file entry.tsv (TSV, C-alpha atoms)
chain	number	residue	atom	x	y	z
H	2	MET	CA	46.03	-98.72	-78.37
H	3	GLU	CA	49.03	-98.60	-80.69
H	4	LYS	CA	48.21	-98.90	-84.37
H	5	GLU	CA	49.79	-101.78	-86.25
H	6	LYS	CA	51.81	-100.72	-89.25
H	7	SER	CA	50.65	-102.22	-92.56
H	8	SER	CA	53.08	-104.56	-94.27
H	9	ARG	CA	52.86	-102.28	-97.32
H	10	ASN	CA	53.76	-99.18	-95.33
H	11	ARG	CA	57.38	-98.46	-96.22
H	12	THR	CA	57.66	-95.08	-94.50
H	13	ILE	CA	61.07	-94.52	-92.87
H	14	GLU	CA	60.39	-93.85	-89.19
H	15	LEU	CA	63.72	-94.45	-87.45
H	16	THR	CA	64.05	-92.36	-84.30
H	17	VAL	CA	67.26	-90.56	-83.45
H	18	GLU	CA	68.04	-93.17	-80.80
H	19	GLU	CA	67.44	-96.02	-83.26
H	20	GLY	CA	69.48	-94.25	-85.91
H	21	ARG	CA	72.60	-93.24	-83.99
H	22	GLU	CA	74.78	-95.05	-86.54
H	23	TYR	CA	73.33	-92.85	-89.28
H	24	LEU	CA	73.68	-89.67	-87.27
H	25	ALA	CA	77.35	-90.54	-86.72
H	26	ARG	CA	77.89	-90.37	-90.48
H	27	CYS	CA	77.02	-86.66	-90.50
H	28	ILE	CA	79.71	-84.04	-90.08
H	29	SER	CA	79.94	-80.56	-88.62
H	30	VAL	CA	81.77	-77.65	-90.20
H	31	GLU	CA	83.51	-75.42	-87.68
H	32	THR	CA	86.32	-73.89	-89.75
H	33	GLU	CA	86.60	-72.37	-93.21
H	34	GLN	CA	86.86	-75.00	-95.94
H	35	THR	CA	89.42	-74.34	-98.68
H	36	SER	CA	88.17	-77.24	-100.81
H	37	ILE	CA	85.22	-79.61	-100.96
H	38	ASP	CA	87.37	-82.68	-100.25
H	39	GLY	CA	86.32	-82.93	-96.62
H	40	ILE	CA	82.62	-82.27	-97.18
H	41	ILE	CA	81.80	-83.95	-100.49
H	42	ASN	CA	79.06	-86.59	-100.36
H	43	LYS	CA	78.33	-85.60	-96.77
H	44	THR	CA	75.40	-84.37	-94.73
H	45	ILE	CA	76.42	-81.37	-92.64
H	46	LEU	CA	74.56	-81.24	-89.33
H	47	GLY	CA	74.18	-77.62	-88.28
H	48	ASP	CA	72.81	-74.15	-88.92
H	49	THR	CA	72.86	-73.56	-92.67
H	50	PHE	CA	73.56	-69.84	-92.27
H	51	LYS	CA	76.71	-70.57	-90.27
H	52	ALA	CA	77.78	-73.51	-92.42
H	53	MET	CA	77.46	-71.66	-95.72
H	54	GLU	CA	79.81	-68.94	-94.50
H	55	LEU	CA	82.52	-71.61	-94.21
H	56	LEU	CA	82.03	-73.44	-97.52
H	57	PRO	CA	84.52	-72.88	-100.38
H	58	HIS	CA	83.59	-70.36	-103.05
H	59	HIS	CA	82.86	-71.46	-106.63
H	60	SER	CA	82.64	-75.09	-105.53
H	61	VAL	CA	79.17	-76.32	-106.56
H	62	ASP	CA	77.50	-76.67	-109.95
H	63	LEU	CA	73.85	-76.73	-108.91
H	64	VAL	CA	71.89	-75.45	-105.91
H	65	ILE	CA	68.47	-76.86	-105.09
H	66	ALA	CA	66.85	-75.04	-102.18
H	67	ASP	CA	63.58	-75.75	-100.42
H	68	PRO	CA	63.52	-73.11	-97.67
H	69	PRO	CA	60.67	-72.89	-95.16
H	70	TYR	CA	57.66	-71.27	-96.76
H	71	ASN	CA	56.36	-68.21	-94.97
H	72	LEU	CA	53.93	-70.22	-92.86
H	73	THR	CA	53.86	-71.08	-89.19
H	74	LYS	CA	54.86	-74.74	-89.31
H	75	GLU	CA	56.48	-77.22	-86.97
H	76	PHE	CA	59.48	-79.24	-88.11
H	77	ASN	CA	60.03	-82.02	-85.56
H	78	GLY	CA	59.83	-79.78	-82.51
H	79	THR	CA	61.18	-76.62	-84.14
H	80	THR	CA	58.64	-74.04	-85.25
H	81	PHE	CA	59.18	-71.69	-88.18
H	82	SER	CA	56.92	-68.70	-87.50
H	83	LYS	CA	55.22	-66.72	-90.24
H	84	LYS	CA	57.04	-63.44	-90.83
H	85	THR	CA	56.02	-60.11	-92.25
H	86	VAL	CA	56.64	-59.74	-95.97
H	87	ALA	CA	59.61	-57.46	-95.25
H	88	ASP	CA	61.15	-59.91	-92.77
H	89	TYR	CA	60.71	-62.92	-95.05
H	90	GLU	CA	62.22	-60.92	-97.88
H	91	GLU	CA	65.25	-60.18	-95.70
H	92	TYR	CA	65.44	-63.85	-94.65
H	93	THR	CA	65.51	-64.84	-98.33
H	94	ARG	CA	68.09	-62.19	-99.18
H	95	LYS	CA	70.33	-63.39	-96.36
H	96	TRP	CA	70.52	-67.03	-97.43
H	97	LEU	CA	70.79	-66.18	-101.13
H	98	SER	CA	73.74	-63.87	-100.38
H	99	LEU	CA	75.49	-66.85	-98.75
H	100	VAL	CA	74.67	-69.25	-101.59
H	101	TYR	CA	75.83	-66.88	-104.32
H	102	PRO	CA	79.63	-67.15	-103.76
H	103	ILE	CA	79.46	-70.94	-103.33
H	104	LEU	CA	77.96	-71.45	-106.80
H	105	LYS	CA	80.25	-71.65	-109.82
H	106	GLU	CA	80.00	-68.98	-112.50
H	107	ASP	CA	78.29	-71.41	-114.89
H	108	GLY	CA	76.04	-72.81	-112.15
H	109	SER	CA	72.27	-72.84	-111.74
H	110	ILE	CA	69.91	-72.49	-108.79
H	111	TYR	CA	66.34	-73.72	-108.25
H	112	VAL	CA	64.23	-72.48	-105.35
H	113	CYS	CA	60.99	-74.13	-104.20
H	114	CYS	CA	58.11	-72.03	-102.85
H	115	ASP	CA	54.33	-71.80	-102.55
H	116	TRP	CA	52.19	-69.25	-104.40
H	117	GLU	CA	52.58	-66.60	-101.68
H	118	THR	CA	56.32	-66.81	-101.07
H	119	SER	CA	56.84	-67.10	-104.82
H	120	LEU	CA	56.06	-63.41	-105.12
H	121	ILE	CA	58.90	-62.62	-102.73
H	122	ILE	CA	61.47	-65.21	-103.83
H	123	GLY	CA	61.18	-64.43	-107.53
H	124	ARG	CA	61.90	-60.77	-106.87
H	125	VAL	CA	64.80	-61.27	-104.46
H	126	LEU	CA	66.33	-64.04	-106.58
H	127	GLY	CA	66.62	-61.51	-109.40
H	128	GLU	CA	68.85	-59.31	-107.25
H	129	PHE	CA	71.58	-61.99	-107.35
H	130	PHE	CA	70.94	-64.16	-110.39
H	131	THR	CA	69.45	-64.10	-113.87
H	132	VAL	CA	65.96	-65.53	-113.55
H	133	ARG	CA	65.26	-67.96	-116.41
H	134	ASN	CA	61.83	-69.36	-115.65
H	135	ARG	CA	59.19	-70.18	-113.08
H	136	ILE	CA	58.15	-73.81	-112.99
H	137	THR	CA	54.73	-74.61	-111.58
H	138	TRP	CA	54.03	-78.17	-110.52
H	139	GLN	CA	50.80	-79.82	-109.54
H	140	ARG	CA	50.67	-81.45	-106.09
H	141	GLU	CA	47.65	-83.71	-105.92
H	142	LYS	CA	47.57	-83.66	-102.12
H	143	GLY	CA	46.31	-80.82	-99.96
H	144	ARG	CA	43.34	-79.93	-97.83
H	145	GLY	CA	40.41	-77.94	-99.12
H	146	ALA	CA	39.67	-74.45	-97.85
H	147	SER	CA	36.21	-73.22	-96.85
H	148	ALA	CA	36.74	-69.63	-98.00
H	149	ASN	CA	39.42	-69.95	-100.67
H	150	TRP	CA	40.56	-72.15	-103.54
H	151	LYS	CA	42.41	-75.31	-102.56
H	152	ASN	CA	46.13	-74.85	-103.07
H	153	GLY	CA	47.10	-77.59	-105.54
H	154	LEU	CA	50.16	-75.96	-107.11
H	155	GLU	CA	53.66	-74.95	-106.07
H	156	ASP	CA	56.40	-72.99	-107.82
H	157	ILE	CA	60.10	-73.56	-108.44
H	158	TRP	CA	62.17	-70.60	-109.65
H	159	PHE	CA	65.03	-71.40	-112.05
H	160	ALA	CA	67.94	-68.95	-112.26
H	161	THR	CA	71.58	-68.93	-113.35
H	162	LYS	CA	74.67	-67.04	-112.29
H	163	SER	CA	75.67	-66.13	-115.86
H	164	ASN	CA	74.61	-66.68	-119.45
H	165	LYS	CA	76.76	-69.81	-119.61
H	166	TYR	CA	74.99	-72.72	-117.91
H	167	THR	CA	74.05	-76.38	-118.30
H	168	PHE	CA	70.68	-77.39	-119.68
H	169	ASN	CA	70.32	-80.96	-120.93
H	170	LEU	CA	67.07	-80.84	-122.87
H	171	ASP	CA	67.14	-84.40	-124.19
H	172	ALA	CA	67.65	-85.76	-120.65
H	173	VAL	CA	64.32	-84.39	-119.43
H	174	LYS	CA	62.01	-85.01	-122.34
H	175	ILE	CA	58.77	-86.70	-121.34
H	176	ARG	CA	57.55	-89.93	-122.93
H	177	LYS	CA	53.87	-89.63	-123.80
H	178	LYS	CA	51.42	-91.91	-125.53
H	179	VAL	CA	50.52	-91.02	-129.09
H	180	ILE	CA	46.73	-91.11	-129.29
H	181	ALA	CA	46.33	-90.30	-132.98
H	182	PRO	CA	49.54	-91.45	-134.72
H	183	TYR	CA	50.44	-89.56	-137.88
H	184	LYS	CA	52.45	-91.21	-140.63
H	185	VAL	CA	54.28	-89.96	-143.72
H	186	ASP	CA	54.86	-92.50	-146.50
H	187	GLY	CA	53.69	-95.18	-144.09
H	188	LYS	CA	56.31	-94.34	-141.44
H	189	PRO	CA	55.76	-92.71	-138.03
H	190	LYS	CA	56.37	-88.95	-137.99
H	191	ASP	CA	58.00	-87.72	-134.76
H	192	TRP	CA	56.96	-90.78	-132.74
H	193	ASP	CA	58.06	-94.37	-132.12
H	194	GLU	CA	56.02	-97.47	-132.87
H	195	THR	CA	56.76	-100.27	-130.39
H	196	GLU	CA	55.19	-103.55	-129.33
H	197	ASN	CA	54.21	-101.88	-126.05
H	198	GLY	CA	52.50	-98.89	-127.66
H	199	ASN	CA	53.14	-95.72	-129.61
H	200	TYR	CA	55.17	-92.97	-127.92
H	201	ARG	CA	56.67	-89.57	-128.48
H	202	ASN	CA	59.39	-87.90	-126.42
H	203	THR	CA	58.19	-84.32	-125.95
H	204	CYS	CA	59.97	-81.19	-124.76
H	205	PRO	CA	59.11	-80.39	-121.14
H	206	SER	CA	57.24	-77.21	-120.33
H	207	ASN	CA	57.31	-75.13	-117.16
H	208	PHE	CA	54.11	-76.81	-115.95
H	209	TRP	CA	54.65	-80.26	-114.45
H	210	ASP	CA	51.56	-82.38	-113.91
H	211	ASP	CA	53.32	-85.75	-113.64
H	212	ILE	CA	54.61	-85.57	-110.05
H	213	THR	CA	53.41	-87.91	-107.32
H	214	ILE	CA	53.81	-86.72	-103.73
H	215	PRO	CA	55.59	-89.40	-101.62
H	216	PHE	CA	53.08	-91.55	-99.72
H	217	TRP	CA	53.17	-94.41	-97.23
H	218	SER	CA	53.77	-97.33	-99.62
H	219	MET	CA	56.74	-95.66	-101.36
H	220	PRO	CA	60.24	-96.51	-100.03
H	221	GLU	CA	61.31	-92.85	-100.35
H	222	ASN	CA	58.62	-91.70	-97.93
H	223	THR	CA	59.43	-90.28	-94.49
H	224	ALA	CA	57.41	-88.39	-91.90
H	225	HIS	CA	58.95	-85.06	-92.95
H	226	PRO	CA	56.04	-82.60	-93.38
H	227	THR	CA	57.25	-81.02	-96.64
H	228	GLN	CA	59.17	-83.81	-98.37
H	229	LYS	CA	59.62	-83.38	-102.11
H	230	SER	CA	59.33	-86.21	-104.62
H	231	GLU	CA	62.49	-87.82	-105.96
H	232	LYS	CA	61.07	-87.50	-109.47
H	233	LEU	CA	60.62	-83.76	-109.00
H	234	ILE	CA	64.25	-83.29	-107.96
H	235	ALA	CA	65.49	-85.73	-110.61
H	236	LYS	CA	64.10	-83.53	-113.37
H	237	ILE	CA	66.10	-80.59	-112.04
H	238	ILE	CA	69.31	-82.54	-111.56
H	239	MET	CA	69.14	-84.17	-114.99
H	240	ALA	CA	68.47	-80.86	-116.71
H	241	SER	CA	70.97	-78.64	-114.94
H	242	SER	CA	73.95	-80.82	-114.05
H	243	ASN	CA	76.22	-83.46	-115.53
H	244	PRO	CA	77.63	-86.69	-114.07
H	245	ALA	CA	80.14	-86.00	-111.26
H	246	ASP	CA	78.91	-82.40	-110.84
H	247	VAL	CA	78.34	-81.16	-107.28
H	248	VAL	CA	74.75	-80.57	-106.15
H	249	PHE	CA	74.19	-78.50	-102.99
H	250	ASP	CA	71.07	-78.26	-100.84
H	251	PRO	CA	71.19	-75.74	-97.96
H	252	PHE	CA	67.83	-76.94	-96.53
H	253	LEU	CA	68.27	-80.70	-96.93
H	254	GLY	CA	65.36	-81.95	-94.83
H	255	SER	CA	64.97	-85.72	-95.19
H	256	GLY	CA	67.64	-85.86	-97.87
H	257	THR	CA	65.85	-86.03	-101.22
H	258	THR	CA	68.35	-83.84	-103.11
H	259	SER	CA	71.38	-85.81	-101.91
H	260	VAL	CA	69.68	-89.16	-102.51
H	261	VAL	CA	68.69	-88.32	-106.08
H	262	ALA	CA	72.12	-86.85	-106.81
H	263	LYS	CA	73.68	-90.12	-105.66
H	264	LYS	CA	71.29	-92.22	-107.75
H	265	LEU	CA	72.07	-90.15	-110.84
H	266	GLY	CA	75.87	-90.22	-110.51
H	267	ARG	CA	76.35	-86.73	-109.14
H	268	ARG	CA	78.20	-85.66	-106.01
H	269	TYR	CA	76.35	-83.89	-103.24
H	270	ILE	CA	76.55	-81.69	-100.15
H	271	GLY	CA	73.58	-81.01	-97.88
H	272	VAL	CA	73.04	-79.00	-94.71
H	273	GLU	CA	70.34	-79.86	-92.17
H	274	ALA	CA	69.89	-78.59	-88.60
H	275	ASN	CA	67.53	-81.31	-87.34
H	276	GLU	CA	69.05	-84.57	-86.10
H	277	GLN	CA	65.91	-86.59	-86.89
H	278	TYR	CA	65.92	-85.49	-90.52
H	279	CYS	CA	69.65	-86.21	-90.79
H	280	VAL	CA	68.99	-89.79	-89.64
H	281	TRP	CA	66.37	-90.25	-92.34
H	282	ALA	CA	68.62	-88.67	-94.98
H	283	GLU	CA	71.51	-90.99	-94.16
H	284	LYS	CA	69.23	-94.03	-94.06
H	285	ARG	CA	67.94	-93.14	-97.53
H	286	LEU	CA	71.49	-92.58	-98.81
H	287	GLU	CA	72.37	-96.08	-97.61
H	288	MET	CA	69.32	-97.50	-99.39
H	289	ALA	CA	70.40	-95.73	-102.59
H	290	GLU	CA	73.58	-97.80	-102.69
H	291	THR	CA	71.57	-100.85	-103.76
H	292	ASP	CA	68.34	-99.32	-105.10
H	293	ARG	CA	68.68	-96.59	-107.71
H	294	TYR	CA	65.06	-96.64	-108.77
H	295	ILE	CA	63.31	-93.27	-109.18
H	296	GLN	CA	59.53	-93.44	-109.50
H	297	GLY	CA	58.49	-92.36	-113.00
H	298	TYR	CA	62.02	-92.39	-114.46
H	299	VAL	CA	62.51	-95.62	-116.40
H	300	ASP	CA	64.98	-96.67	-119.08
H	301	GLY	CA	66.50	-93.17	-119.17
H	302	VAL	CA	63.16	-91.43	-119.78
H	303	PHE	CA	60.63	-89.53	-117.67
H	304	TRP	CA	57.16	-91.00	-118.16
H	305	GLU	CA	53.84	-89.24	-117.78
H	306	ARG	CA	51.62	-90.25	-114.88
H	307	ASN	CA	49.50	-93.45	-115.03
H	308	THR	CA	51.85	-95.35	-117.37
H	309	LEU	CA	53.16	-97.88	-114.83
H	310	SER	CA	52.40	-100.93	-116.96
H	311	GLU	CA	54.29	-99.46	-119.91
H	312	GLN	CA	57.20	-98.51	-117.64
H	313	ASN	CA	57.39	-102.05	-116.30
H	314	ALA	CA	57.33	-103.46	-119.83
H	315	ARG	CA	60.25	-101.26	-120.83
H	316	SER	CA	62.33	-101.84	-117.72
H	317	LYS	CA	62.20	-105.67	-117.85
H	318	GLY	CA	64.38	-106.04	-114.79
H	319	LYS	CA	66.84	-103.27	-115.62
H	320	ASN	CA	68.26	-101.08	-112.86
H	321	ASN	CA	65.78	-98.37	-113.78
H	322	SER	CA	67.44	-95.23	-112.52
H	323	LYS	CA	70.98	-95.59	-113.81
H	324	ALA	CA	72.26	-92.42	-115.37
H	325	ASP	CA	74.80	-94.18	-117.55

call {"tool": "encode", "arguments": {"input": "entry.tsv", "output": "structure tokens"}}
result
Amino acid sequence: MEKEKSSRNRTIELTVEEGREYLARCISVETEQTSIDGIINKTILGDTFKAMELLPHHSVDLVIADPPYNLTKEFNGTTFSKKTVADYEEYTRKWLSLVYPILKEDGSIYVCCDWETSLIIGRVLGEFFTVRNRITWQREKGRGASANWKNGLEDIWFATKSNKYTFNLDAVKIRKKVIAPYKVDGKPKDWDETENGNYRNTCPSNFWDDITIPFWSMPENTAHPTQKSEKLIAKIIMASSNPADVVFDPFLGSGTTSVVAKKLGRRYIGVEANEQYCVWAEKRLEMAETDRYIQGYVDGVFWERNTLSEQNARSKGKNNSKAD
């Protein structure tokens, strides 16, 4: 008996056959590109290792990569098999060597990984780039383990190609409630007093505990097994790029990087080998033309978790995710 989908379930489930119009929007890259004109704001359908060899050098400002973790996992009929440490290290070295020439000299790169692959990626990343930090973010989903600690954290390595790079601190400060407001001469010190509560915009750390994993009632959700949150990617894009910059994702998946780049006024290029994921990515890009909302990013500020009522009070019908 087929289950009936709840009216609140907004998961994108278009099949390839149903989404042929979206698949037709994707492009293939068969020859060397001398400029980004023919590939900008496009999803490239194909093998990322082959595609990257053909992309123009020094053409992108920011790389966000979410490569397969070193686990045996199925991605819509294609299985990535767990490798030895040496083989996964070589796999990482291979794709990083292809990304390196594409990135501008003042560009940045962020690489997602789990705790185990983090040990490999951090080391290999340092062979090509200057490693700046390791971000650890809390993912509230995940199954328990009978003989180990439940894995509730993932890492993102932040690196740059040179000592000159973009980092917009004010754009990624977090708005938090002030529990014990402190005043000097009767005026708030380092916090704002509003009719909706008392708040302070704080500098972000390299531990992020305000990320919600996409779930069935969120319009960004797809059936991709390792989909990242739009808010997670938005933090990276806001911090390490400027409007009209080019953001590149060599492992695009269901399109989160391209979608968030579009919502935030950046240009994008993504490569994905799976037709099903390309359909979902293009569907989401179409949705982003009329809906620029990013969960947890309201009125130009990232809000801590469980502040939805305050976010709604501040937004008051605004187009919440506009970058301008």

call {"tool": "axis_aligned_box", "arguments": {"input": "entry.tsv", "around": "stretch 56-68 of chain H", "padding_each_side": "4 Å", "output": "JSON"}}
result
{"center_x": 74.0, "center_y": -73.6, "center_z": -103.7, "size_x": 29.0, "size_y": 14.5, "size_z": 20.4}

call {"tool": "residues_near_point", "arguments": {"input": "entry.tsv", "point": "(67.0, -70.7, -116.8)", "cutoff": "7 Å", "atoms": "only C-alpha atoms", "output": "PyMOL selection string"}}
result
chain H and resi 132-134+159-161

call {"tool": "write_last_selection", "arguments": {"input": "entry.tsv", "atoms": "C-alpha atoms", "output": "mmCIF file, in the frame of the given file"}}
result
data_model
loop_
_atom_site.group_PDB
_atom_site.id
_atom_site.type_symbol
_atom_site.label_atom_id
_atom_site.label_comp_id
_atom_site.auth_asym_id
_atom_site.auth_seq_id
_atom_site.Cartn_x
_atom_site.Cartn_y
_atom_site.Cartn_z
ATOM 1 C CA VAL H 132 65.960 -65.530 -113.550
ATOM 2 C CA ARG H 133 65.260 -67.960 -116.410
ATOM 3 C CA ASN H 134 61.830 -69.360 -115.650
ATOM 4 C CA PHE H 159 65.030 -71.400 -112.050
ATOM 5 C CA ALA H 160 67.940 -68.950 -112.260
ATOM 6 C CA THR H 161 71.580 -68.930 -113.350
#

call {"tool": "atom_distance", "arguments": {"input": "entry.tsv", "atom1": "atom CA of H:Lys142", "atom2": "atom CA of H:Asn207"}}
result
19.8 Å

call {"tool": "residues_near_point", "arguments": {"input": "entry.tsv", "point": "(54.2, -71.6, -112.8)", "cutoff": "12 Å", "atoms": "all atoms listed in the file", "output": "list in words"}}
result
Cys113, Cys114, Asp115, Trp116, Ser119, Leu120, Gly123, Asn134, Arg135, Ile136, Thr137, Trp138, Gln139, Gly153, Leu154, Glu155, Asp156, Ile157, Trp158, Phe159, Ser206, Asn207, Phe208, Trp209 and Asp210 of chain H

call {"tool": "closest_residue", "arguments": {"input": "entry.tsv", "among": "H:Arg144, H:Lys284, H:Arg267, H:Arg293", "to": "H:Glu231", "atoms": "all atoms listed in the file"}}
result
H:Arg293

call {"tool": "residues_around", "arguments": {"input": "entry.tsv", "residues": "H:Ser60", "least_positions_apart": "5", "cutoff": "7 Å", "atoms": "all atoms listed in the file", "output": "PyMOL selection string"}}
result
chain H and resi 37+103-105

call {"tool": "residues_around", "arguments": {"input": "entry.tsv", "residues": "H:Ile65", "least_positions_apart": "2", "cutoff": "7 Å", "atoms": "only C-alpha atoms", "output": "PyMOL selection string"}}
result
chain H and resi 63+67+110-112+249-250

call {"tool": "atom_distance", "arguments": {"input": "entry.tsv", "atom1": "atom CA of H:Tyr166", "atom2": "atom CA of H:His58"}}
result
17.3 Å

call {"tool": "atom_distance", "arguments": {"input": "entry.tsv", "atom1": "atom CA of H:Pro244", "atom2": "atom CA of H:Met53"}}
result
23.7 Å

call {"tool": "closest_residue", "arguments": {"input": "entry.tsv", "among": "H:Arg306, H:Asn199, H:Ile28, H:Ala274", "to": "H:Asn42", "atoms": "only C-alpha atoms"}}
result
H:Ile28

call {"tool": "closest_residue", "arguments": {"input": "entry.tsv", "among": "H:Glu141, H:Ala289, H:Thr35, H:Trp281", "to": "H:Gly266", "atoms": "all atoms listed in the file"}}
result
H:Ala289

call {"tool": "residues_around", "arguments": {"input": "entry.tsv", "residues": "H:Ile41", "least_positions_apart": "3", "cutoff": "12 Å", "atoms": "all atoms listed in the file", "output": "compact mmCIF listing (two decimals) with C-alpha atoms, in the coordinates of the input"}}
result
# COMPACT_ATOMS: atom_id res chain seq x y z
CA CYS H 27 77.02 -86.66 -90.50
CA ILE H 28 79.71 -84.04 -90.08
CA GLN H 34 86.86 -75.00 -95.94
CA SER H 36 88.17 -77.24 -100.81
CA ILE H 37 85.22 -79.61 -100.96
CA ASP H 38 87.37 -82.68 -100.25
CA THR H 44 75.40 -84.37 -94.73
CA ILE H 45 76.42 -81.37 -92.64
CA LEU H 56 82.03 -73.44 -97.52
CA PRO H 57 84.52 -72.88 -100.38
CA SER H 60 82.64 -75.09 -105.53
CA VAL H 61 79.17 -76.32 -106.56
CA ALA H 245 80.14 -86.00 -111.26
CA ASP H 246 78.91 -82.40 -110.84
CA VAL H 247 78.34 -81.16 -107.28
CA VAL H 248 74.75 -80.57 -106.15
CA PHE H 249 74.19 -78.50 -102.99
CA SER H 259 71.38 -85.81 -101.91
CA ALA H 262 72.12 -86.85 -106.81
CA LYS H 263 73.68 -90.12 -105.66
CA ARG H 267 76.35 -86.73 -109.14
CA ARG H 268 78.20 -85.66 -106.01
CA TYR H 269 76.35 -83.89 -103.24
CA ILE H 270 76.55 -81.69 -100.15
CA GLY H 271 73.58 -81.01 -97.88
CA VAL H 272 73.04 -79.00 -94.71

call {"tool": "residues_around", "arguments": {"input": "entry.tsv", "residues": "H:Glu283", "least_positions_apart": "4", "cutoff": "9 Å", "atoms": "all atoms listed in the file", "output": "MDAnalysis selection string"}}
result
chainID H and resid 23:24 26:27 44 255:256 260 278:279 287:288

call {"tool": "closest_residue", "arguments": {"input": "entry.tsv", "among": "H:Asp107, H:Glu305, H:Glu91, H:Asp292", "to": "H:Pro220", "atoms": "only C-alpha atoms"}}
result
H:Asp292

call {"tool": "closest_residue", "arguments": {"input": "entry.tsv", "among": "H:Gly127, H:Pro69, H:Arg11, H:Asp300", "to": "H:Pro226", "atoms": "all atoms listed in the file"}}
result
H:Pro69

call {"tool": "closest_residue", "arguments": {"input": "entry.tsv", "among": "H:Gly39, H:Pro251, H:Gly78, H:Gly20", "to": "H:Leu97", "atoms": "only C-alpha atoms"}}
result
H:Pro251
